[in-house]
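One file, data.cif, is given below (mmCIF, C-alpha atoms).
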data_run
loop_
_atom_site.label_atom_id
_atom_site.label_comp_id
_atom_site.auth_asym_id
_atom_site.auth_seq_id
_atom_site.Cartn_x
_atom_site.Cartn_y
_atom_site.Cartn_z
CA MET A 599 19.00 -57.19 57.53
CA ASP A 600 21.70 -59.82 58.23
CA ALA A 601 21.40 -63.01 60.27
CA ASP A 602 22.75 -61.29 63.40
CA SER A 603 20.11 -58.55 63.29
CA PRO A 604 16.98 -58.91 65.44
CA PRO A 605 13.69 -59.83 63.80
CA PRO A 606 11.53 -56.83 62.85
CA SER A 607 8.80 -57.88 65.30
CA ARG A 608 10.61 -56.53 68.39
CA PRO A 609 12.64 -53.43 69.32
CA VAL A 610 16.42 -53.54 68.96
CA THR A 611 18.19 -54.03 72.29
CA LEU A 612 21.70 -53.35 73.60
CA GLU A 613 22.35 -57.09 73.36
CA ASP A 614 21.50 -57.01 69.64
CA VAL A 615 23.93 -54.14 69.05
CA ALA A 616 26.61 -55.91 71.08
CA ARG A 617 26.17 -59.13 69.03
CA VAL A 618 26.46 -57.27 65.71
CA ALA A 619 29.47 -55.24 66.93
CA GLY A 620 31.19 -58.24 68.46
CA VAL A 621 31.62 -56.52 71.84
CA SER A 622 30.09 -56.77 75.30
CA ARG A 623 26.82 -55.17 76.30
CA ALA A 624 28.77 -53.00 78.79
CA THR A 625 30.92 -51.62 75.96
CA VAL A 626 27.83 -50.71 73.95
CA SER A 627 26.39 -48.97 77.02
CA ARG A 628 29.56 -46.95 77.54
CA VAL A 629 29.62 -45.82 73.90
CA ILE A 630 25.94 -44.82 73.88
CA ASN A 631 26.40 -42.93 77.15
CA GLU A 632 29.42 -41.13 75.65
CA THR A 633 32.00 -42.43 78.10
CA PRO A 634 35.24 -40.85 76.81
CA THR A 635 37.58 -43.76 77.74
CA VAL A 636 36.26 -46.25 75.16
CA ASP A 637 38.86 -47.32 72.57
CA ARG A 638 38.28 -45.63 69.19
CA THR A 639 38.16 -48.97 67.32
CA LEU A 640 35.50 -50.33 69.66
CA ARG A 641 33.57 -47.07 69.48
CA ASN A 642 33.52 -47.23 65.68
CA ALA A 643 32.34 -50.86 65.77
CA VAL A 644 29.48 -49.97 68.10
CA GLU A 645 28.46 -46.90 66.10
CA ASN A 646 28.39 -48.98 62.91
CA ALA A 647 26.30 -51.63 64.66
CA VAL A 648 23.85 -48.99 65.91
CA ALA A 649 23.44 -47.75 62.34
CA ALA A 650 23.06 -51.28 60.97
CA THR A 651 20.45 -52.37 63.52
CA GLY A 652 18.54 -49.09 63.76
CA TYR A 653 18.94 -49.06 67.54
CA VAL A 654 17.25 -46.09 69.26
CA PRO A 655 18.58 -45.34 72.77
CA ASN A 656 16.09 -45.16 75.62
CA ARG A 657 16.46 -41.51 76.61
CA ALA A 658 14.91 -42.02 80.03
CA ALA A 659 17.29 -44.85 80.89
CA ARG A 660 20.23 -42.96 79.46
CA SER A 661 19.45 -39.87 81.52
CA LEU A 662 19.69 -41.97 84.69
CA VAL A 663 23.29 -42.77 83.76
CA THR A 664 24.42 -39.44 82.30
CA ARG A 665 22.22 -37.21 84.50
CA ARG A 666 21.41 -35.31 81.31
CA THR A 667 17.99 -34.59 79.85
CA GLY A 668 19.09 -33.68 76.34
CA SER A 669 17.15 -30.40 76.58
CA VAL A 670 17.93 -26.76 77.29
CA ALA A 671 15.50 -23.93 78.01
CA LEU A 672 15.26 -20.66 76.11
CA VAL A 673 13.76 -18.30 78.69
CA VAL A 674 12.47 -14.95 77.41
CA SER A 675 11.87 -12.55 80.30
CA GLU A 676 10.14 -9.18 80.00
CA GLN A 677 9.10 -6.49 82.42
CA GLU A 678 5.72 -6.99 84.05
CA LYS A 679 2.82 -5.10 82.46
CA ARG A 680 5.00 -3.32 79.87
CA HIS A 681 3.00 -0.79 77.86
CA ALA A 682 3.37 -1.88 74.25
CA ALA A 683 1.44 -1.96 71.01
CA ALA A 684 0.99 -5.75 71.10
CA PRO A 685 0.78 -8.48 73.77
CA PHE A 686 4.02 -10.12 74.93
CA LEU A 687 3.38 -13.46 73.21
CA GLY A 688 2.48 -11.76 69.94
CA ARG A 689 5.60 -9.59 70.01
CA VAL A 690 7.86 -12.59 70.65
CA PHE A 691 6.60 -14.55 67.67
CA THR A 692 6.39 -11.61 65.25
CA ASP A 693 9.76 -10.07 66.13
CA PRO A 694 12.28 -11.02 63.40
CA HIS A 695 15.10 -10.70 65.93
CA PHE A 696 13.67 -13.55 68.00
CA GLY A 697 13.40 -15.82 64.97
CA ARG A 698 17.05 -15.17 64.14
CA VAL A 699 18.08 -16.00 67.71
CA VAL A 700 16.20 -19.30 67.62
CA SER A 701 17.72 -20.14 64.22
CA GLY A 702 21.24 -19.60 65.52
CA LEU A 703 20.60 -21.67 68.65
CA VAL A 704 19.05 -24.57 66.75
CA ASP A 705 21.94 -24.64 64.25
CA VAL A 706 24.19 -25.72 67.14
CA LEU A 707 21.79 -27.63 69.41
CA ARG A 708 20.11 -29.84 66.82
CA PRO A 709 23.34 -31.54 65.57
CA ALA A 710 24.24 -32.12 69.23
CA GLY A 711 20.92 -33.91 69.77
CA VAL A 712 19.72 -31.26 72.22
CA HIS A 713 16.10 -30.04 72.25
CA LEU A 714 15.08 -26.42 72.87
CA VAL A 715 12.26 -25.68 75.34
CA LEU A 716 10.72 -22.19 75.12
CA MET A 717 9.58 -20.50 78.35
CA LEU A 718 8.06 -16.99 78.55
CA VAL A 719 8.21 -14.90 81.74
CA ASP A 720 6.33 -11.62 82.14
CA ASP A 721 5.04 -11.60 85.72
CA GLU A 722 5.79 -12.99 89.17
CA ALA A 723 3.65 -16.10 88.70
CA SER A 724 5.33 -17.13 85.44
CA ARG A 725 8.75 -16.37 86.98
CA LEU A 726 8.11 -18.70 89.93
CA GLN A 727 6.68 -21.37 87.65
CA THR A 728 9.76 -21.20 85.41
CA LEU A 729 12.20 -21.38 88.32
CA SER A 730 10.35 -24.38 89.74
CA TYR A 731 10.55 -26.18 86.40
CA LEU A 732 14.26 -25.45 86.04
CA ARG A 733 15.11 -26.50 89.60
CA GLN A 734 13.39 -29.85 89.09
CA GLY A 735 16.05 -30.86 86.58
CA HIS A 736 13.93 -30.89 83.41
CA VAL A 737 16.71 -29.23 81.39
CA ASP A 738 20.51 -29.31 81.36
CA GLY A 739 20.99 -25.57 80.95
CA VAL A 740 19.38 -22.23 80.11
CA VAL A 741 19.74 -19.48 77.54
CA LEU A 742 18.18 -16.36 79.07
CA ILE A 743 16.97 -13.34 77.11
CA SER A 744 16.29 -10.70 79.75
CA SER A 745 14.83 -7.49 78.39
CA HIS A 746 14.76 -5.06 81.31
CA VAL A 747 17.12 -3.52 83.82
CA ASP A 748 15.44 -4.57 87.06
CA ASP A 749 14.75 -8.19 86.11
CA PRO A 750 15.52 -10.41 89.15
CA LEU A 751 15.64 -13.55 87.01
CA PRO A 752 19.38 -13.45 86.09
CA GLN A 753 20.39 -13.50 89.75
CA LEU A 754 17.71 -16.05 90.66
CA LEU A 755 18.95 -18.23 87.83
CA ALA A 756 22.57 -17.86 88.96
CA ASP A 757 21.50 -19.00 92.43
CA THR A 758 20.20 -22.29 91.01
CA ARG A 759 23.76 -23.11 89.80
CA LEU A 760 22.24 -24.50 86.61
CA PRO A 761 24.53 -23.89 83.60
CA ALA A 762 23.24 -20.71 81.98
CA VAL A 763 24.27 -18.07 79.45
CA LEU A 764 22.72 -14.64 78.97
CA SER A 765 21.84 -13.42 75.50
CA GLY A 766 22.86 -9.81 76.05
CA ARG A 767 25.09 -8.06 78.57
CA PRO A 768 23.65 -7.94 82.12
CA GLN A 769 22.99 -4.46 83.50
CA ARG A 770 24.33 -5.46 86.90
CA ASP A 771 27.26 -7.61 87.99
CA SER A 772 26.45 -11.24 87.35
CA SER A 773 28.19 -14.59 87.61
CA LEU A 774 26.51 -15.65 84.35
CA ALA A 775 28.40 -15.65 81.07
CA PHE A 776 26.91 -13.55 78.27
CA VAL A 777 27.11 -13.06 74.51
CA GLU A 778 26.44 -9.57 73.19
CA ALA A 779 27.12 -7.13 70.36
CA ASP A 780 28.86 -3.86 71.20
CA GLN A 781 25.73 -1.70 71.20
CA ARG A 782 27.56 1.58 71.77
CA GLU A 783 29.93 0.89 68.90
CA GLY A 784 26.98 0.19 66.63
CA ALA A 785 25.36 3.49 67.61
CA ARG A 786 28.68 5.28 67.03
CA LEU A 787 28.76 3.89 63.48
CA ALA A 788 25.25 5.22 62.85
CA ALA A 789 26.15 8.67 64.20
CA GLY A 790 29.37 8.87 62.20
CA HIS A 791 27.59 7.94 58.98
CA LEU A 792 24.88 10.58 59.40
CA VAL A 793 27.49 13.25 60.17
CA SER A 794 29.54 12.18 57.13
CA LEU A 795 26.48 12.90 54.98
CA GLY A 796 26.44 16.49 56.24
CA ARG A 797 23.38 16.05 58.47
CA THR A 798 23.30 18.39 61.47
CA ARG A 799 19.69 18.27 62.77
CA ILE A 800 19.75 14.67 63.90
CA GLY A 801 17.30 12.82 66.15
CA SER A 802 16.62 9.27 67.26
CA VAL A 803 13.75 6.88 67.72
CA ALA A 804 15.05 4.91 70.70
CA GLY A 805 13.95 1.59 72.16
CA PRO A 806 12.43 1.22 75.66
CA GLN A 807 14.84 2.82 78.11
CA ASP A 808 14.35 0.13 80.75
CA MET A 809 16.09 -2.28 78.34
CA PRO A 810 19.91 -2.26 78.57
CA ALA A 811 20.53 -2.62 74.82
CA ALA A 812 18.13 0.21 73.97
CA ARG A 813 19.66 2.46 76.59
CA GLU A 814 23.20 1.75 75.35
CA ARG A 815 22.21 2.50 71.75
CA LEU A 816 20.76 5.89 72.66
CA GLU A 817 23.59 6.84 75.03
CA GLY A 818 26.22 5.73 72.53
CA PHE A 819 24.53 7.65 69.72
CA ARG A 820 24.27 10.89 71.68
CA ALA A 821 27.84 10.60 72.97
CA ALA A 822 29.17 10.05 69.43
CA LEU A 823 27.27 13.08 68.09
CA ALA A 824 28.62 15.19 70.97
CA GLU A 825 32.13 14.33 69.79
CA HIS A 826 31.16 15.89 66.46
CA GLY A 827 29.86 19.04 68.18
CA ILE A 828 26.15 18.11 67.99
CA HIS A 829 24.71 18.32 71.51
CA ASP A 830 21.02 18.87 70.81
CA VAL A 831 19.75 15.38 69.94
CA PRO A 832 15.96 15.08 70.27
CA TRP A 833 14.58 11.60 70.68
CA ALA A 834 11.34 9.70 71.20
CA GLU A 835 10.89 6.31 72.83
CA GLY A 836 9.46 3.40 70.85
CA ASP A 837 8.86 -0.20 71.85
CA PHE A 838 10.81 -2.12 69.17
CA THR A 839 7.63 -2.77 67.15
CA HIS A 840 6.45 -1.53 63.75
CA THR A 841 3.58 0.51 65.23
CA GLY A 842 5.79 1.75 68.08
CA GLY A 843 8.28 3.14 65.56
CA ALA A 844 5.50 4.92 63.65
CA SER A 845 4.10 6.48 66.82
CA ALA A 846 7.53 7.60 68.06
CA VAL A 847 8.52 9.29 64.81
CA ARG A 848 5.19 11.15 64.71
CA ASP A 849 5.94 12.47 68.18
CA LEU A 850 9.46 13.42 67.15
CA LEU A 851 8.33 15.25 63.99
CA ALA A 852 5.72 17.17 65.95
CA ARG A 853 8.51 18.57 68.10
CA ARG A 854 11.25 18.81 65.47
CA PRO A 855 9.82 18.92 61.94
CA ASP A 856 13.17 20.14 60.55
CA LEU A 857 15.12 16.91 61.23
CA ASP A 858 17.52 15.95 58.45
CA GLY A 859 18.94 12.78 60.03
CA LEU A 860 17.37 9.98 62.05
CA PHE A 861 18.75 6.95 63.90
CA VAL A 862 16.05 4.35 64.55
CA ALA A 863 17.14 1.80 67.16
CA SER A 864 15.64 -1.21 65.35
CA ASP A 865 14.85 -2.05 61.74
CA LEU A 866 11.31 -3.05 62.69
CA MET A 867 10.64 0.40 64.13
CA ALA A 868 12.21 1.96 61.01
CA LEU A 869 9.77 -0.04 58.89
CA GLY A 870 6.99 1.81 60.70
CA ALA A 871 8.78 5.17 60.72
CA LEU A 872 9.54 5.51 56.99
CA PRO A 873 5.91 5.80 55.78
CA VAL A 874 5.24 8.42 58.47
CA LEU A 875 8.17 10.51 57.22
CA GLN A 876 6.97 10.17 53.64
CA ARG A 877 3.37 11.12 54.50
CA ALA A 878 4.77 14.19 56.24
CA GLY A 879 6.35 15.20 52.94
CA ARG A 880 9.89 14.32 54.02
CA ASP A 881 11.71 12.44 51.28
CA VAL A 882 14.12 9.71 52.39
CA PRO A 883 17.04 10.15 51.98
CA ARG A 884 16.96 13.60 50.32
CA ASP A 885 15.28 15.42 53.23
CA VAL A 886 15.93 12.93 56.04
CA ALA A 887 18.68 10.30 56.06
CA VAL A 888 17.60 7.25 58.09
CA VAL A 889 19.79 4.59 59.71
CA GLY A 890 18.37 1.53 61.46
CA PHE A 891 19.82 -1.18 63.68
CA ASP A 892 19.95 -5.01 63.36
CA ASP A 893 20.16 -5.67 59.59
CA SER A 894 17.08 -7.87 59.77
CA HIS A 895 14.85 -8.84 56.84
CA ALA A 896 12.86 -5.68 57.61
CA ALA A 897 15.85 -3.58 56.47
CA GLN A 898 15.61 -4.97 52.95
CA SER A 899 11.81 -4.78 52.77
CA CYS A 900 11.79 -1.08 53.64
CA ASP A 901 11.13 1.52 50.94
CA PRO A 902 13.80 2.69 50.36
CA PRO A 903 16.01 -0.21 51.53
CA LEU A 904 17.43 0.67 54.93
CA THR A 905 20.97 1.63 55.78
CA THR A 906 21.49 -0.11 59.10
CA VAL A 907 23.91 -1.35 61.72
CA ARG A 908 24.37 -5.10 61.44
CA GLN A 909 24.71 -7.16 64.57
CA PRO A 910 25.40 -10.79 63.64
CA VAL A 911 22.39 -12.21 65.49
CA GLU A 912 22.58 -15.78 64.16
CA GLU A 913 26.31 -16.00 64.83
CA MET A 914 25.84 -14.58 68.31
CA ALA A 915 23.09 -17.09 69.08
CA SER A 916 25.25 -19.95 67.82
CA ALA A 917 28.10 -18.74 70.05
CA THR A 918 25.63 -18.64 72.97
CA ALA A 919 24.61 -22.27 72.35
CA GLN A 920 28.24 -23.39 72.03
CA LEU A 921 29.16 -21.63 75.27
CA LEU A 922 26.20 -23.23 77.06
CA LEU A 923 27.10 -26.73 75.83
CA ARG A 924 30.67 -26.24 77.07
CA ARG A 925 29.39 -25.13 80.47
CA ILE A 926 27.10 -28.15 80.66
CA ALA A 927 30.01 -30.48 79.83
CA ARG A 928 32.44 -28.70 82.19
CA PRO A 929 30.39 -26.91 84.87
CA GLY A 930 33.46 -25.91 86.87
CA GLN A 931 35.04 -24.02 83.98
CA ALA A 932 35.66 -20.28 84.44
CA VAL A 933 32.98 -17.96 83.07
CA ARG A 934 33.88 -16.59 79.63
CA SER A 935 31.75 -14.03 77.82
CA GLU A 936 31.93 -12.96 74.18
CA LEU A 937 31.46 -9.52 72.60
CA PHE A 938 30.75 -9.19 68.87
CA THR A 939 31.61 -6.14 66.75
CA PRO A 940 28.78 -4.62 64.66
CA GLU A 941 29.22 -3.14 61.18
CA LEU A 942 27.48 -0.55 59.05
CA VAL A 943 25.53 -1.76 56.00
CA VAL A 944 24.89 1.11 53.58
CA ARG A 945 21.75 1.00 51.43
CA ALA A 946 19.48 3.65 49.92
CA SER A 947 17.97 5.35 53.01
CA ALA A 948 21.18 7.15 54.03
#

Written form, structure tokens:
Amino acid sequence: MDADSPPPSRPVTLEDVARVAGVSRATVSRVINETPTVDRTLRNAVENAVAATGYVPNRAARSLVTRRTGSVALVVSEQEKRHAAAPFLGRVFTDPHFGRVVSGLVDVLRPAGVHLVLMLVDDEASRLQTLSYLRQGHVDGVVLISSHVDDPLPQLLADTRLPAVLSGRPQRDSSLAFVEADQREGARLAAGHLVSLGRTRIGSVAGPQDMPAARERLEGFRAALAEHGIHDVPWAEGDFTHTGGASAVRDLLARRPDLDGLFVASDLMALGALPVLQRAGRDVPRDVAVVGFDDSHAAQSCDPPLTTVRQPVEEMASATAQLLLRRIARPGQAVRSELFTPELVVRASA
């Protein structure tokens, strides 16, 4: 530490940084608070002085100037009292899709110095609690994962005028921007692949039909098969969990034991479905060709490895974070959504 640096017995102050940089305290304050009009040479001098002195900005004081908290909320909202194989909290933290979303968000937010606050909503009380927290200015913006058609939270969130981006296309008209994969196109790819293999008795294990993405996957799959002349498409509803996939395929086989093709609307459900098919004496892919959806780690851990529709979850989440940061910086900017194109990944199951 040089002679201009403060002694180690006390915290570094703005005055210390200003002395090392050879500028005024006001200039240091403007640089730290990211005022865009500071000359580049002065900005570099201050940034070098901050590094040399080890200065740590007072976030509370800085937020008074910038009106920013340096945090955004990730709100995961689910239908009240959904019937599922596992509690809401357990499903969130064991679902590989959720982990991929968080990874993509953090890849963008962490370098920007922005913290992620997780909030879970599954009933009226938690919804009101979440809205109260958001309205009190604890975060600068919100990423919302809304999992059911009738969720009032997107509109309630839009009414707060807090910068927000939806992870997934809203079922109803919304002023919120969104980032989504083309679910129907992904289902069309799955249908086309099964037909190209010569499969004609094709069914589906669908996701919960109160969830927009699950509904679009099933509707897109059935519409694509209809274009190929296949109009009888039996299906069973799962809940996007391993055990839900196993239960749904048992139900489907009980009704249609002669299936030779199967589209499972998530890799995690396929991981549960494959052993059921095999215990029923149906070899995969010889007797039944199986296609999943997501291209998660579950697709590669399946036996056999799963042919699946890849949606670029991490890239989509990163795009969501980037869009949110732009809306925080320029709240008056026009809403711009982004739609990603899925692709088919062929492995051993089909």

For this session: Identify all residues satisfying the PyMOL selection byres ((chain A and resi 792-807) around 8) in the given file; provide them as number ranges by chain.
Result: A: 788-791, 808-810, 812-813, 815-816, 823, 826, 828, 831-838, 843, 846-847, 850, 856-864, 887, 889, 948

Would you save the residues from that selection as a compact mmCIF listing (two decimals), in the coordinates of the input, using C-alpha atoms?
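What follows is the written file again.txt:
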# COMPACT_ATOMS: atom_id res chain seq x y z
CA ALA A 788 25.25 5.22 62.85
CA ALA A 789 26.15 8.67 64.20
CA GLY A 790 29.37 8.87 62.20
CA HIS A 791 27.59 7.94 58.98
CA ASP A 808 14.35 0.13 80.75
CA MET A 809 16.09 -2.28 78.34
CA PRO A 810 19.91 -2.26 78.57
CA ALA A 812 18.13 0.21 73.97
CA ARG A 813 19.66 2.46 76.59
CA ARG A 815 22.21 2.50 71.75
CA LEU A 816 20.76 5.89 72.66
CA LEU A 823 27.27 13.08 68.09
CA HIS A 826 31.16 15.89 66.46
CA ILE A 828 26.15 18.11 67.99
CA VAL A 831 19.75 15.38 69.94
CA PRO A 832 15.96 15.08 70.27
CA TRP A 833 14.58 11.60 70.68
CA ALA A 834 11.34 9.70 71.20
CA GLU A 835 10.89 6.31 72.83
CA GLY A 836 9.46 3.40 70.85
CA ASP A 837 8.86 -0.20 71.85
CA PHE A 838 10.81 -2.12 69.17
CA GLY A 843 8.28 3.14 65.56
CA ALA A 846 7.53 7.60 68.06
CA VAL A 847 8.52 9.29 64.81
CA LEU A 850 9.46 13.42 67.15
CA ASP A 856 13.17 20.14 60.55
CA LEU A 857 15.12 16.91 61.23
CA ASP A 858 17.52 15.95 58.45
CA GLY A 859 18.94 12.78 60.03
CA LEU A 860 17.37 9.98 62.05
CA PHE A 861 18.75 6.95 63.90
CA VAL A 862 16.05 4.35 64.55
CA ALA A 863 17.14 1.80 67.16
CA SER A 864 15.64 -1.21 65.35
CA ALA A 887 18.68 10.30 56.06
CA VAL A 889 19.79 4.59 59.71
CA ALA A 948 21.18 7.15 54.03

For this session: Rounded to one decimal place, report the CA of Ser675 (chain A)-CA of Leu718 (chain A) distance in Å.
Result: 6.1 Å

Problem set entry | Closest of A:Pro761, A:Pro855, A:Pro694, A:Gly620 to Gly930 (chain A) - atom-to-atom distances counting all atoms listed in the file | A:Pro761

For this session: Point out the residue among A:Val644, A:Ala844, A:Leu774, A:Ala946 with the least atom-to-atom distance to Val882 (chain A), counting only C-alpha atoms.
Result: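 When distances to Val882 (chain A) are compared using only C-alpha atoms, the smallest one comes from A:Ala946.
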
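Each of A:Leu714, A:Met867, A:Ala756, A:Ile926 was checked against Val673 (chain A) using all atoms listed in the file; the smallest atom-to-atom distance is that of A:Leu714.
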
Problem set entry | Answer key for the PyMOL selection byres ((chain A and resi 929) around 12), residues as a list in words | Asp738, Gly739, Arg759, Leu760, Pro761, Ala762, Leu774, Leu921, Leu922, Leu923, Arg924, Arg925, Ile926, Ala927, Arg928, Gly930, Gln931, Ala932 and Val933 of chain A

For this session: Could you check how far CA of Gln781 (chain A) sits from CA of Ala811 (chain A), in Å to one decimal?
Result: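 A separation of 6.4 Å between them.
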
Problem set entry | Matched chain/residue IDs from the PyMOL selection byres ((chain A and resi 903) around 10), as a PyMOL selection string | chain A and resi 869+896-902+904-906+944-948

For this session: Record the distance separating CA of Arg708 (chain A) and CA of Val670 (chain A), expressed in Å with one decimal.
Result: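 Distance between the two atoms: 11.1 Å.
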
Exercise. With all atoms listed in the file as the atoms that count, which of A:Leu703, A:Leu764, A:Val715, A:Ala616 lies nearest to Ser935 (chain A)?
Worked result: A:Leu764

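When only C-alpha atoms are used to measure the gap to Val740 (chain A), the shortest distance among A:Val706, A:Ala647, A:Val777, A:Ala919 belongs to A:Ala919.
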
Problem set entry | Long-range neighbours of Glu912 (chain A) as a list in words, 10 Å cut-off, all atoms listed in the file, 4 positions minimum in chain |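 The neighbour list is His695, Phe696, Gly697, Arg698, Val699, Val700, Ser701, Gly702, Leu703, Val704, Asp705, Ser916, Ala917 and Thr918 of chain A.
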
Next, the residues of the selection above should be written as a PDB file, keeping the file's coordinate frame with C-alpha atoms.
ATOM      1  CA  HIS A 695      15.100 -10.700  65.930  1.00  0.00           C
ATOM      2  CA  PHE A 696      13.670 -13.550  68.000  1.00  0.00           C
ATOM      3  CA  GLY A 697      13.400 -15.820  64.970  1.00  0.00           C
ATOM      4  CA  ARG A 698      17.050 -15.170  64.140  1.00  0.00           C
ATOM      5  CA  VAL A 699      18.080 -16.000  67.710  1.00  0.00           C
ATOM      6  CA  VAL A 700      16.200 -19.300  67.620  1.00  0.00           C
ATOM      7  CA  SER A 701      17.720 -20.140  64.220  1.00  0.00           C
ATOM      8  CA  GLY A 702      21.240 -19.600  65.520  1.00  0.00           C
ATOM      9  CA  LEU A 703      20.600 -21.670  68.650  1.00  0.00           C
ATOM     10  CA  VAL A 704      19.050 -24.570  66.750  1.00  0.00           C
ATOM     11  CA  ASP A 705      21.940 -24.640  64.250  1.00  0.00           C
ATOM     12  CA  SER A 916      25.250 -19.950  67.820  1.00  0.00           C
ATOM     13  CA  ALA A 917      28.100 -18.740  70.050  1.00  0.00           C
ATOM     14  CA  THR A 918      25.630 -18.640  72.970  1.00  0.00           C
TER      15      THR A 918
END

Exercise. Closest to Leu937 (chain A) among A:Glu814, A:Asp881, A:Asp780, A:Asp865, using only C-alpha atoms?
Worked result: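 Answer, going by the shortest atom-to-atom distance: A:Asp780.
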
Exercise: region 731-735 of chain A partners within 7 Å, all atoms listed in the file, chain neighbours under 3 positions left out, as a tab-separated table (two decimals) with C-alpha atoms, in the coordinates of the input:
chain	number	residue	atom	x	y	z
A	727	GLN	CA	6.68	-21.37	87.65
A	728	THR	CA	9.76	-21.20	85.41
A	758	THR	CA	20.20	-22.29	91.01

Which residues come within 8 Å of Pro910 (chain A), counting all atoms listed in the file, excluding same-chain residues fewer than 2 positions away, as a PDB file with C-alpha atoms, in the coordinates of the input?
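This went into around.pdb:
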ATOM      1  CA  ALA A 779      27.120  -7.130  70.360  1.00  0.00           C
ATOM      2  CA  ASP A 892      19.950  -5.010  63.360  1.00  0.00           C
ATOM      3  CA  ARG A 908      24.370  -5.100  61.440  1.00  0.00           C
ATOM      4  CA  GLU A 912      22.580 -15.780  64.160  1.00  0.00           C
ATOM      5  CA  GLU A 913      26.310 -16.000  64.830  1.00  0.00           C
ATOM      6  CA  MET A 914      25.840 -14.580  68.310  1.00  0.00           C
ATOM      7  CA  PHE A 938      30.750  -9.190  68.870  1.00  0.00           C
ATOM      8  CA  PRO A 940      28.780  -4.620  64.660  1.00  0.00           C
TER       9      PRO A 940
END

Could you add whatever atoms are missing so that region 832-837 of chain A carries all heavy atoms, then write the result as a tab-separated table (two decimals), keeping the file's coordinate frame?
chain	number	residue	atom	x	y	z
A	832	PRO	N	17.30	15.46	69.83
A	832	PRO	CA	15.96	15.08	70.27
A	832	PRO	C	15.70	13.60	70.01
A	832	PRO	O	16.23	13.02	69.06
A	832	PRO	CB	15.05	15.96	69.40
A	832	PRO	CG	15.85	16.21	68.17
A	832	PRO	CD	17.28	16.31	68.63
A	833	TRP	N	14.89	13.01	70.86
A	833	TRP	CA	14.58	11.60	70.68
A	833	TRP	C	13.19	11.29	71.22
A	833	TRP	O	12.64	12.03	72.03
A	833	TRP	CB	15.63	10.71	71.35
A	833	TRP	CG	15.74	10.86	72.84
A	833	TRP	CD1	16.41	11.85	73.51
A	833	TRP	CD2	15.16	10.01	73.84
A	833	TRP	NE1	16.29	11.66	74.87
A	833	TRP	CE2	15.54	10.55	75.10
A	833	TRP	CE3	14.37	8.86	73.80
A	833	TRP	CZ2	15.15	9.96	76.30
A	833	TRP	CZ3	13.98	8.28	75.00
A	833	TRP	CH2	14.36	8.83	76.23
A	834	ALA	N	12.63	10.20	70.72
A	834	ALA	CA	11.34	9.70	71.20
A	834	ALA	C	11.49	8.20	71.45
A	834	ALA	O	12.25	7.52	70.77
A	834	ALA	CB	10.24	9.97	70.18
A	835	GLU	N	10.77	7.71	72.42
A	835	GLU	CA	10.89	6.31	72.83
A	835	GLU	C	9.86	5.44	72.12
A	835	GLU	O	8.66	5.72	72.15
A	835	GLU	CB	10.71	6.18	74.34
A	835	GLU	CG	10.94	4.78	74.87
A	835	GLU	CD	10.93	4.73	76.39
A	835	GLU	OE1	10.90	5.81	77.03
A	835	GLU	OE2	10.96	3.61	76.94
A	836	GLY	N	10.33	4.40	71.45
A	836	GLY	CA	9.46	3.40	70.85
A	836	GLY	C	9.53	2.10	71.64
A	836	GLY	O	10.14	2.04	72.70
A	837	ASP	N	8.91	1.06	71.10
A	837	ASP	CA	8.86	-0.20	71.85
A	837	ASP	C	9.39	-1.38	71.03
A	837	ASP	O	9.07	-2.53	71.31
A	837	ASP	CB	7.43	-0.50	72.32
A	837	ASP	CG	6.45	-0.67	71.15
A	837	ASP	OD1	6.89	-0.60	69.98
A	837	ASP	OD2	5.26	-0.89	71.41
